[in-house]
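A quick write-up on the structure given underneath.
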Amino acid sequence: MSPELTLLIVNAVFLGFAYLWVYPGLPSKRLGILARYDLAIGGAALLVAGLLFAGRDLPFRLIFVDMPWWLYSVLTFSLLELPAWEWFRRRHGIDYDDF
């Protein structure tokens with residue numbers, strides 16, 4: 001399995017955990033609370049990526065650009081999260097003003 005696919009799977013697993021189990025179970029789904037949980041879950045995904053790829057000189061390519069593992073992990077996590085966030089926000093009626 002390619003390193004890129006491995007990081008995509010890691011990110012998808014963490015996002016699935018967040019949006020299908022953690023966030024729906026929160027009693028208050030306000031933007032500020034979700035942002036703190038998201039920071040922790042995103043940090044955990046980055047930690048796993050670091051444990052897998054830090055110190056290894058592997059190329060990570062996003063479209064036509066080579067980048068380090070940590071940047072690839074952060075960018076792909078963010079890109080995967082955008083549709084999940086929008087779905088969750090609409091489903092739970094979260095307003096951007098409700099911080």
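Chain labels run A, B, ... following the order of the structure tokens; each chain numbers its residues from 1, and ligands are numbered from 1 in the order shown.
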task = Quick one: pick out all alpha helix (DSSP H) residues within segment 5-99 of chain A from a backbone DSSP run and write them as a count of residues only.
result = 62
ask   = Ile41 of chain A: which residues within 10 Å, counting only C-alpha atoms, same-chain residues fewer than 2 positions away excluded, as a VMD selection string?
value = chain A and resid 11 14 to 15 17 to 18 22 35 to 39 43 to 47
Those residues you just picked out, can you put them in a file as a compact mmCIF listing (two decimals), in the first residue's frame with N, CA, C and O atoms?
# COMPACT_ATOMS: atom_id res chain seq x y z
N ASN A 11 -6.61 9.10 8.11
CA ASN A 11 -7.45 10.29 8.25
C ASN A 11 -8.93 9.95 8.16
O ASN A 11 -9.74 10.47 8.93
N PHE A 14 -10.10 8.36 11.48
CA PHE A 14 -10.27 9.36 12.54
C PHE A 14 -11.50 10.24 12.27
O PHE A 14 -12.24 10.56 13.21
N LEU A 15 -11.74 10.61 11.04
CA LEU A 15 -12.91 11.42 10.73
C LEU A 15 -14.20 10.63 10.92
O LEU A 15 -15.20 11.17 11.40
N PHE A 17 -14.61 8.19 13.06
CA PHE A 17 -14.75 8.13 14.51
C PHE A 17 -15.36 9.43 15.05
O PHE A 17 -16.26 9.41 15.88
N ALA A 18 -14.87 10.56 14.55
CA ALA A 18 -15.34 11.85 15.04
C ALA A 18 -16.79 12.11 14.65
O ALA A 18 -17.63 12.43 15.51
N VAL A 22 -18.21 10.35 18.06
CA VAL A 22 -17.93 11.35 19.08
C VAL A 22 -18.88 12.54 18.99
O VAL A 22 -19.57 12.87 19.96
N ALA A 35 -15.00 22.53 17.78
CA ALA A 35 -13.66 22.92 17.33
C ALA A 35 -12.58 22.36 18.25
O ALA A 35 -11.53 21.90 17.79
N ARG A 36 -12.83 22.36 19.56
CA ARG A 36 -11.85 21.80 20.50
C ARG A 36 -11.71 20.29 20.33
O ARG A 36 -10.60 19.76 20.32
N TYR A 37 -12.82 19.62 20.15
CA TYR A 37 -12.75 18.17 19.91
C TYR A 37 -12.05 17.89 18.58
O TYR A 37 -11.28 16.95 18.47
N ASP A 38 -12.34 18.70 17.58
CA ASP A 38 -11.73 18.51 16.28
C ASP A 38 -10.22 18.71 16.33
O ASP A 38 -9.47 18.00 15.68
N LEU A 39 -9.78 19.67 17.12
CA LEU A 39 -8.35 19.90 17.28
C LEU A 39 -7.68 18.68 17.92
O LEU A 39 -6.61 18.24 17.48
N GLY A 43 -5.20 16.27 15.94
CA GLY A 43 -3.87 16.08 16.51
C GLY A 43 -3.53 14.62 16.68
O GLY A 43 -2.39 14.20 16.46
N ALA A 44 -4.52 13.82 17.08
CA ALA A 44 -4.29 12.37 17.21
C ALA A 44 -4.00 11.74 15.86
O ALA A 44 -3.12 10.87 15.74
N ALA A 45 -4.70 12.18 14.82
CA ALA A 45 -4.44 11.67 13.47
C ALA A 45 -3.03 12.05 13.02
O ALA A 45 -2.32 11.24 12.41
N LEU A 46 -2.61 13.27 13.33
CA LEU A 46 -1.27 13.71 12.97
C LEU A 46 -0.22 12.93 13.76
O LEU A 46 0.85 12.60 13.23
N LEU A 47 -0.51 12.63 15.01
CA LEU A 47 0.41 11.83 15.82
C LEU A 47 0.60 10.43 15.23
O LEU A 47 1.72 9.93 15.12
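Proximity of A:Asp98, A:Ile9, A:Leu51, A:Leu80 to Ser28 of chain A, computed with only C-alpha atoms, is greatest for A:Asp98.
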query = Per DSSP on the backbone, what are the strand (DSSP E or B) residues of chain A, as a ChimeraX atom specification?
reply = /A:60-62,65-67
Using N, CA, C and O atoms, can you export the residues from the last selection as a PDB file, in the first residue's frame?
ATOM      1  N   PHE A  60       5.657  12.294  -0.638  1.00  0.00           N
ATOM      2  CA  PHE A  60       4.195  12.347  -0.621  1.00  0.00           C
ATOM      3  C   PHE A  60       3.775  13.332  -1.683  1.00  0.00           C
ATOM      4  O   PHE A  60       4.242  14.466  -1.721  1.00  0.00           O
ATOM      5  N   ARG A  61       2.896  12.878  -2.551  1.00  0.00           N
ATOM      6  CA  ARG A  61       2.493  13.695  -3.683  1.00  0.00           C
ATOM      7  C   ARG A  61       0.993  13.935  -3.624  1.00  0.00           C
ATOM      8  O   ARG A  61       0.202  13.007  -3.557  1.00  0.00           O
ATOM      9  N   LEU A  62       0.632  15.213  -3.626  1.00  0.00           N
ATOM     10  CA  LEU A  62      -0.767  15.623  -3.701  1.00  0.00           C
ATOM     11  C   LEU A  62      -0.936  16.324  -5.030  1.00  0.00           C
ATOM     12  O   LEU A  62      -0.387  17.394  -5.245  1.00  0.00           O
ATOM     13  N   VAL A  65       2.283  17.999  -6.637  1.00  0.00           N
ATOM     14  CA  VAL A  65       3.211  18.673  -5.729  1.00  0.00           C
ATOM     15  C   VAL A  65       3.733  17.675  -4.693  1.00  0.00           C
ATOM     16  O   VAL A  65       2.956  17.001  -4.026  1.00  0.00           O
ATOM     17  N   ASP A  66       5.062  17.603  -4.565  1.00  0.00           N
ATOM     18  CA  ASP A  66       5.671  16.797  -3.518  1.00  0.00           C
ATOM     19  C   ASP A  66       5.715  17.615  -2.235  1.00  0.00           C
ATOM     20  O   ASP A  66       5.941  18.827  -2.262  1.00  0.00           O
ATOM     21  N   MET A  67       5.473  16.942  -1.107  1.00  0.00           N
ATOM     22  CA  MET A  67       5.454  17.633   0.182  1.00  0.00           C
ATOM     23  C   MET A  67       5.854  16.667   1.281  1.00  0.00           C
ATOM     24  O   MET A  67       5.832  15.459   1.079  1.00  0.00           O
TER      25      MET A  67
END
